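Below: one structure, written as structure tokens.
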Amino acid sequence: MDIEKLQALVIDALEDVKASDIVLFDTSKLTSLFERIVIASGTSNRQTKALAASVRDKIREAGGDIVSIEGEDTGEWVLVDLGALIVHIMQPPIRNYYRLEEIWGETPIDLDTARALGASGEKSRKKTGKAQTGTETGDKTRAG
């Protein structure tokens, strides 16, 4: 399964169970272990487990593979390993403590863009969070 479709499925699965603060990062330039990381929050042990189950079920329905799921026993932090994409589902205090966004957050990807790419099957990777040129941001002070 291509990475765009995989990330779109994960985002949909998390939104289906009302995950909060979902972020998606391109990690392909930071590690060769995986291409994307998704971090999301759940409000309780029960919700984090349900979020992980939603991801698992949606990926399996689409014919994808689940490498492993860790942390379901406690539900404070559940990790779903999909090979090219890792999903971290955390309760807010755990997420605030570990701050994974600071480690992996170099290249965020807009969720709407990720969803659209997955639906259309496009291979381009539109990224957000990087500095844009003056013409893209509407900055008229840059000399050209």
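Lettering and numbering for the structure tokens are positional, with chains as A, B, ... in the shown order, residues counted from 1 in each chain, and ligands counted from 1 in the shown order.
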Using only C-alpha atoms, determine which residues lie at most 8 Å from Val55 (chain A), disregarding the query and same-chain residues fewer than 4 positions distant; provide the list as a PyMOL selection string.
chain A and resi 9-10+13-14+51+59+80
Go ahead and save the picked residues with all heavy atoms, as a short mmCIF file (atom, residue, chain, number, x, y, z; two decimals), in the first residue's frame.
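The resulting part-v6.cif:
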data_model
loop_
_atom_site.label_atom_id
_atom_site.label_comp_id
_atom_site.auth_asym_id
_atom_site.auth_seq_id
_atom_site.Cartn_x
_atom_site.Cartn_y
_atom_site.Cartn_z
N LEU A 9 -5.84 6.63 5.36
CA LEU A 9 -6.62 5.65 6.12
C LEU A 9 -6.46 5.85 7.63
O LEU A 9 -7.43 5.78 8.38
CB LEU A 9 -6.22 4.23 5.74
CG LEU A 9 -6.66 3.74 4.37
CD1 LEU A 9 -5.96 2.43 4.02
CD2 LEU A 9 -8.17 3.57 4.33
N VAL A 10 -5.23 6.09 8.05
CA VAL A 10 -4.96 6.29 9.48
C VAL A 10 -5.67 7.54 10.00
O VAL A 10 -6.32 7.51 11.05
CB VAL A 10 -3.43 6.36 9.75
CG1 VAL A 10 -3.15 6.86 11.15
CG2 VAL A 10 -2.80 4.99 9.52
N ALA A 13 -9.34 6.82 10.26
CA ALA A 13 -9.62 5.92 11.38
C ALA A 13 -9.57 6.65 12.71
O ALA A 13 -10.40 6.42 13.60
CB ALA A 13 -8.63 4.76 11.38
N LEU A 14 -8.60 7.55 12.87
CA LEU A 14 -8.48 8.32 14.11
C LEU A 14 -9.63 9.31 14.26
O LEU A 14 -10.19 9.48 15.35
CB LEU A 14 -7.14 9.05 14.15
CG LEU A 14 -5.90 8.17 14.28
CD1 LEU A 14 -4.63 8.98 14.05
CD2 LEU A 14 -5.86 7.46 15.62
N LEU A 51 -9.13 3.91 19.57
CA LEU A 51 -8.45 4.54 18.44
C LEU A 51 -7.50 3.56 17.75
O LEU A 51 -7.47 3.47 16.52
CB LEU A 51 -7.70 5.79 18.91
CG LEU A 51 -8.57 6.98 19.29
CD1 LEU A 51 -7.78 7.99 20.12
CD2 LEU A 51 -9.16 7.64 18.05
N ILE A 59 -7.05 -0.46 8.43
CA ILE A 59 -5.90 -0.89 7.62
C ILE A 59 -6.11 -2.32 7.13
O ILE A 59 -5.87 -2.62 5.95
CB ILE A 59 -4.58 -0.78 8.43
CG1 ILE A 59 -4.29 0.68 8.79
CG2 ILE A 59 -3.42 -1.40 7.67
CD1 ILE A 59 -4.18 1.63 7.61
N VAL A 80 0.97 1.87 17.17
CA VAL A 80 0.57 0.98 16.09
C VAL A 80 1.63 1.09 15.00
O VAL A 80 1.82 2.15 14.41
CB VAL A 80 -0.83 1.34 15.53
CG1 VAL A 80 -1.24 0.35 14.45
CG2 VAL A 80 -1.87 1.39 16.65
#
Have a look at A:Ala119, A:Ile89, A:Val23, A:Ile3 and name the one nearest to Ser54 (chain A); count only C-alpha atoms.
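The answer is A:Ile89, which sits nearest to Ser54 (chain A).
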Shell around Lys5 (chain A) at 8 Å using only C-alpha atoms, local window under 2 positions removed, as a PyMOL selection string:
chain A and resi 1-3+7-9+115+117-119+121
Write out as a list of chain:residue names all residues of chain A that backbone DSSP assigns to strand (DSSP E or B).
A:Ser20, A:Asp21, A:Ile22, A:Val23, A:Leu24, A:Phe25, A:Asp26, A:Arg36, A:Ile37, A:Val38, A:Ile39, A:Ala40, A:Ser41, A:Ser68, A:Ile69, A:Glu70, A:Trp77, A:Val78, A:Leu79, A:Val80, A:Asp81, A:Leu85, A:Ile86, A:Val87, A:His88, A:Ile89, A:Met90, A:Pro108, A:Ile109
Restricting it to C-alpha atoms, dump the selection as a short mmCIF file (atom, residue, chain, number, x, y, z; two decimals), in the first residue's frame.
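Final file, again_4.cif:
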data_model
loop_
_atom_site.label_atom_id
_atom_site.label_comp_id
_atom_site.auth_asym_id
_atom_site.auth_seq_id
_atom_site.Cartn_x
_atom_site.Cartn_y
_atom_site.Cartn_z
CA SER A 20 -7.79 15.03 19.19
CA ASP A 21 -4.67 16.96 18.20
CA ILE A 22 -3.79 14.70 15.25
CA VAL A 23 -0.47 15.57 13.63
CA LEU A 24 1.34 13.91 10.73
CA PHE A 25 5.07 14.20 10.04
CA ASP A 26 7.28 13.18 7.13
CA ARG A 36 5.70 8.91 8.43
CA ILE A 37 4.67 9.30 12.03
CA VAL A 38 1.21 10.19 13.29
CA ILE A 39 0.63 11.42 16.83
CA ALA A 40 -2.88 11.71 18.25
CA SER A 41 -4.48 12.10 21.66
CA SER A 68 2.58 -4.77 15.79
CA ILE A 69 0.50 -2.97 18.38
CA GLU A 70 2.08 -2.09 21.72
CA TRP A 77 0.27 5.21 25.11
CA VAL A 78 -0.59 2.84 22.28
CA LEU A 79 1.81 2.44 19.37
CA VAL A 80 0.57 0.98 16.09
CA ASP A 81 3.42 -0.05 13.77
CA LEU A 85 4.03 4.61 9.19
CA ILE A 86 4.04 4.61 12.99
CA VAL A 87 0.99 5.78 14.95
CA HIS A 88 1.37 7.05 18.52
CA ILE A 89 -1.93 7.38 20.39
CA MET A 90 -1.36 9.01 23.76
CA PRO A 108 4.59 18.45 9.28
CA ILE A 109 2.07 17.48 6.61
#
Please identify the alpha helix (DSSP H) residues within region 1-102 of chain A (assignment by DSSP from backbone atoms) and present them as a PyMOL selection string.
chain A and resi 3-16+45-61+92-98+100-102
Give me, as a PDB file with all heavy atoms, in the first residue's frame, all polymer residues having an atom no more than 10 Å from Glu76 (chain A), counting only C-alpha atoms and skipping those fewer than 5 positions away in the same chain.
ATOM      1  N   SER A  41      -4.129  12.215  20.249  1.00  0.00           N
ATOM      2  CA  SER A  41      -4.479  12.095  21.661  1.00  0.00           C
ATOM      3  C   SER A  41      -5.860  11.473  21.825  1.00  0.00           C
ATOM      4  O   SER A  41      -6.761  11.713  21.022  1.00  0.00           O
ATOM      5  CB  SER A  41      -4.487  13.479  22.337  1.00  0.00           C
ATOM      6  OG  SER A  41      -3.188  13.997  22.394  1.00  0.00           O
ATOM      7  N   GLY A  42      -5.978  10.711  22.897  1.00  0.00           N
ATOM      8  CA  GLY A  42      -7.252  10.166  23.340  1.00  0.00           C
ATOM      9  C   GLY A  42      -7.451  10.588  24.785  1.00  0.00           C
ATOM     10  O   GLY A  42      -6.480  10.768  25.519  1.00  0.00           O
ATOM     11  N   THR A  43      -8.681  10.749  25.201  1.00  0.00           N
ATOM     12  CA  THR A  43      -8.961  11.307  26.527  1.00  0.00           C
ATOM     13  C   THR A  43      -8.928  10.286  27.660  1.00  0.00           C
ATOM     14  O   THR A  43      -8.895  10.672  28.822  1.00  0.00           O
ATOM     15  CB  THR A  43     -10.332  11.999  26.532  1.00  0.00           C
ATOM     16  OG1 THR A  43     -11.326  11.041  26.136  1.00  0.00           O
ATOM     17  CG2 THR A  43     -10.342  13.182  25.579  1.00  0.00           C
ATOM     18  N   SER A  44      -8.936   9.003  27.329  1.00  0.00           N
ATOM     19  CA  SER A  44      -8.961   7.963  28.370  1.00  0.00           C
ATOM     20  C   SER A  44      -8.306   6.694  27.840  1.00  0.00           C
ATOM     21  O   SER A  44      -8.063   6.570  26.635  1.00  0.00           O
ATOM     22  CB  SER A  44     -10.412   7.652  28.763  1.00  0.00           C
ATOM     23  OG  SER A  44     -11.092   7.067  27.657  1.00  0.00           O
ATOM     24  N   ASN A  45      -8.054   5.749  28.738  1.00  0.00           N
ATOM     25  CA  ASN A  45      -7.509   4.449  28.324  1.00  0.00           C
ATOM     26  C   ASN A  45      -8.439   3.786  27.312  1.00  0.00           C
ATOM     27  O   ASN A  45      -7.993   3.212  26.327  1.00  0.00           O
ATOM     28  CB  ASN A  45      -7.343   3.523  29.527  1.00  0.00           C
ATOM     29  CG  ASN A  45      -6.321   4.010  30.518  1.00  0.00           C
ATOM     30  OD1 ASN A  45      -5.758   5.085  30.366  1.00  0.00           O
ATOM     31  ND2 ASN A  45      -6.079   3.229  31.549  1.00  0.00           N
ATOM     32  N   ARG A  46      -9.714   3.882  27.598  1.00  0.00           N
ATOM     33  CA  ARG A  46     -10.707   3.262  26.718  1.00  0.00           C
ATOM     34  C   ARG A  46     -10.658   3.875  25.314  1.00  0.00           C
ATOM     35  O   ARG A  46     -10.725   3.170  24.316  1.00  0.00           O
ATOM     36  CB  ARG A  46     -12.088   3.439  27.339  1.00  0.00           C
ATOM     37  CG  ARG A  46     -13.178   2.813  26.557  1.00  0.00           C
ATOM     38  CD  ARG A  46     -14.499   3.047  27.239  1.00  0.00           C
ATOM     39  NE  ARG A  46     -15.215   1.793  27.228  1.00  0.00           N
ATOM     40  CZ  ARG A  46     -16.219   1.504  27.994  1.00  0.00           C
ATOM     41  NH1 ARG A  46     -16.638   2.359  28.893  1.00  0.00           N
ATOM     42  NH2 ARG A  46     -16.832   0.347  27.884  1.00  0.00           N
ATOM     43  N   GLN A  47     -10.547   5.203  25.238  1.00  0.00           N
ATOM     44  CA  GLN A  47     -10.517   5.836  23.920  1.00  0.00           C
ATOM     45  C   GLN A  47      -9.220   5.532  23.169  1.00  0.00           C
ATOM     46  O   GLN A  47      -9.250   5.296  21.966  1.00  0.00           O
ATOM     47  CB  GLN A  47     -10.732   7.349  23.996  1.00  0.00           C
ATOM     48  CG  GLN A  47     -10.879   7.946  22.601  1.00  0.00           C
ATOM     49  CD  GLN A  47     -10.953   9.450  22.561  1.00  0.00           C
ATOM     50  OE1 GLN A  47     -10.533  10.125  23.493  1.00  0.00           O
ATOM     51  NE2 GLN A  47     -11.481   9.979  21.465  1.00  0.00           N
ATOM     52  N   THR A  48      -8.076   5.540  23.855  1.00  0.00           N
ATOM     53  CA  THR A  48      -6.828   5.239  23.152  1.00  0.00           C
ATOM     54  C   THR A  48      -6.849   3.822  22.586  1.00  0.00           C
ATOM     55  O   THR A  48      -6.396   3.590  21.467  1.00  0.00           O
ATOM     56  CB  THR A  48      -5.582   5.433  24.041  1.00  0.00           C
ATOM     57  OG1 THR A  48      -5.696   4.606  25.187  1.00  0.00           O
ATOM     58  CG2 THR A  48      -5.404   6.883  24.438  1.00  0.00           C
ATOM     59  N   LYS A  49      -7.414   2.889  23.339  1.00  0.00           N
ATOM     60  CA  LYS A  49      -7.540   1.514  22.846  1.00  0.00           C
ATOM     61  C   LYS A  49      -8.488   1.452  21.652  1.00  0.00           C
ATOM     62  O   LYS A  49      -8.227   0.753  20.670  1.00  0.00           O
ATOM     63  CB  LYS A  49      -8.035   0.604  23.962  1.00  0.00           C
ATOM     64  CG  LYS A  49      -7.026   0.399  25.071  1.00  0.00           C
ATOM     65  CD  LYS A  49      -7.639  -0.435  26.188  1.00  0.00           C
ATOM     66  CE  LYS A  49      -6.734  -0.514  27.395  1.00  0.00           C
ATOM     67  NZ  LYS A  49      -7.310  -1.348  28.469  1.00  0.00           N
ATOM     68  N   GLY A  71       1.176  -1.501  23.893  1.00  0.00           N
ATOM     69  CA  GLY A  71       0.606  -0.604  24.888  1.00  0.00           C
ATOM     70  C   GLY A  71      -0.884  -0.719  25.097  1.00  0.00           C
ATOM     71  O   GLY A  71      -1.463   0.059  25.860  1.00  0.00           O
ATOM     72  N   ILE A  89      -0.666   6.908  19.832  1.00  0.00           N
ATOM     73  CA  ILE A  89      -1.925   7.375  20.394  1.00  0.00           C
ATOM     74  C   ILE A  89      -1.699   7.504  21.894  1.00  0.00           C
ATOM     75  O   ILE A  89      -1.428   6.515  22.576  1.00  0.00           O
ATOM     76  CB  ILE A  89      -3.072   6.398  20.088  1.00  0.00           C
ATOM     77  CG1 ILE A  89      -3.164   6.167  18.572  1.00  0.00           C
ATOM     78  CG2 ILE A  89      -4.380   6.924  20.665  1.00  0.00           C
ATOM     79  CD1 ILE A  89      -4.000   4.962  18.187  1.00  0.00           C
ATOM     80  N   MET A  90      -1.780   8.739  22.383  1.00  0.00           N
ATOM     81  CA  MET A  90      -1.362   9.012  23.756  1.00  0.00           C
ATOM     82  C   MET A  90      -2.411   9.829  24.496  1.00  0.00           C
ATOM     83  O   MET A  90      -3.108  10.644  23.891  1.00  0.00           O
ATOM     84  CB  MET A  90      -0.057   9.798  23.731  1.00  0.00           C
ATOM     85  CG  MET A  90       1.010   9.185  22.848  1.00  0.00           C
ATOM     86  SD  MET A  90       2.380  10.301  22.508  1.00  0.00           S
ATOM     87  CE  MET A  90       3.443   9.869  23.864  1.00  0.00           C
ATOM     88  N   GLN A  91      -2.456   9.637  25.802  1.00  0.00           N
ATOM     89  CA  GLN A  91      -3.252  10.527  26.629  1.00  0.00           C
ATOM     90  C   GLN A  91      -2.461  11.820  26.809  1.00  0.00           C
ATOM     91  O   GLN A  91      -1.225  11.808  26.816  1.00  0.00           O
ATOM     92  CB  GLN A  91      -3.568   9.866  27.960  1.00  0.00           C
ATOM     93  CG  GLN A  91      -4.537   8.708  27.795  1.00  0.00           C
ATOM     94  CD  GLN A  91      -4.933   8.101  29.115  1.00  0.00           C
ATOM     95  OE1 GLN A  91      -5.029   8.793  30.121  1.00  0.00           O
ATOM     96  NE2 GLN A  91      -5.160   6.800  29.096  1.00  0.00           N
ATOM     97  N   PRO A  92      -3.138  12.962  26.943  1.00  0.00           N
ATOM     98  CA  PRO A  92      -2.445  14.256  26.984  1.00  0.00           C
ATOM     99  C   PRO A  92      -1.292  14.374  27.987  1.00  0.00           C
ATOM    100  O   PRO A  92      -0.238  14.897  27.620  1.00  0.00           O
ATOM    101  CB  PRO A  92      -3.573  15.253  27.281  1.00  0.00           C
ATOM    102  CG  PRO A  92      -4.766  14.615  26.631  1.00  0.00           C
ATOM    103  CD  PRO A  92      -4.595  13.141  26.895  1.00  0.00           C
ATOM    104  N   PRO A  93      -1.408  13.883  29.232  1.00  0.00           N
ATOM    105  CA  PRO A  93      -0.257  14.023  30.138  1.00  0.00           C
ATOM    106  C   PRO A  93       0.988  13.272  29.641  1.00  0.00           C
ATOM    107  O   PRO A  93       2.107  13.775  29.763  1.00  0.00           O
ATOM    108  CB  PRO A  93      -0.749  13.426  31.458  1.00  0.00           C
ATOM    109  CG  PRO A  93      -2.233  13.473  31.387  1.00  0.00           C
ATOM    110  CD  PRO A  93      -2.576  13.336  29.939  1.00  0.00           C
ATOM    111  N   ILE A  94       0.792  12.112  29.058  1.00  0.00           N
ATOM    112  CA  ILE A  94       1.908  11.324  28.516  1.00  0.00           C
ATOM    113  C   ILE A  94       2.492  12.044  27.306  1.00  0.00           C
ATOM    114  O   ILE A  94       3.714  12.161  27.153  1.00  0.00           O
ATOM    115  CB  ILE A  94       1.434   9.905  28.138  1.00  0.00           C
ATOM    116  CG1 ILE A  94       0.843   9.175  29.343  1.00  0.00           C
ATOM    117  CG2 ILE A  94       2.552   9.113  27.484  1.00  0.00           C
ATOM    118  CD1 ILE A  94       1.799   8.920  30.471  1.00  0.00           C
ATOM    119  N   ARG A  95       1.617  12.553  26.467  1.00  0.00           N
ATOM    120  CA  ARG A  95       2.069  13.278  25.271  1.00  0.00           C
ATOM    121  C   ARG A  95       2.854  14.529  25.647  1.00  0.00           C
ATOM    122  O   ARG A  95       3.896  14.821  25.046  1.00  0.00           O
ATOM    123  CB  ARG A  95       0.863  13.636  24.409  1.00  0.00           C
ATOM    124  CG  ARG A  95       1.232  14.241  23.082  1.00  0.00           C
ATOM    125  CD  ARG A  95       0.023  14.353  22.196  1.00  0.00           C
ATOM    126  NE  ARG A  95       0.325  15.010  20.950  1.00  0.00           N
ATOM    127  CZ  ARG A  95      -0.526  15.130  19.953  1.00  0.00           C
ATOM    128  NH1 ARG A  95      -1.735  14.621  20.053  1.00  0.00           N
ATOM    129  NH2 ARG A  95      -0.170  15.745  18.845  1.00  0.00           N
TER     130      ARG A  95
END
Measuring between only C-alpha atoms, which one of A:Ala52, A:Glu72, A:Asn96, A:Asp112 shows the shortest distance to Ala19 (chain A)?
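Nearest candidate to Ala19 (chain A) out of A:Ala52, A:Glu72, A:Asn96, A:Asp112: A:Ala52.
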CA of Leu111 (chain A) to CA of Gly75 (chain A): how many Å, to one decimal?
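Those two atoms sit 24.4 Å apart.
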Could you tell me how far CA of Leu82 (chain A) sits from CA of Ile66 (chain A), in Å to one decimal place?
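The value is 5.0 Å.
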For Ala50 (chain A), which of A:Ala114, A:Val17, A:Ser28, A:Asp12 is the closest residue, counting only C-alpha atoms?
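That would be A:Val17, the residue with the smallest distance to Ala50 (chain A).
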Could you work out how far CA of Glu101 (chain A) lies from CA of Leu6 (chain A), giving the answer in Å with one decimal?
20.1 Å
Residue nearest Leu33 (chain A) among A:Gly83, A:Asp57, A:Trp104, A:Ile11 (counting only C-alpha atoms)
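Looking only at the distances to Leu33 (chain A), the closest residue turns out to be A:Gly83.
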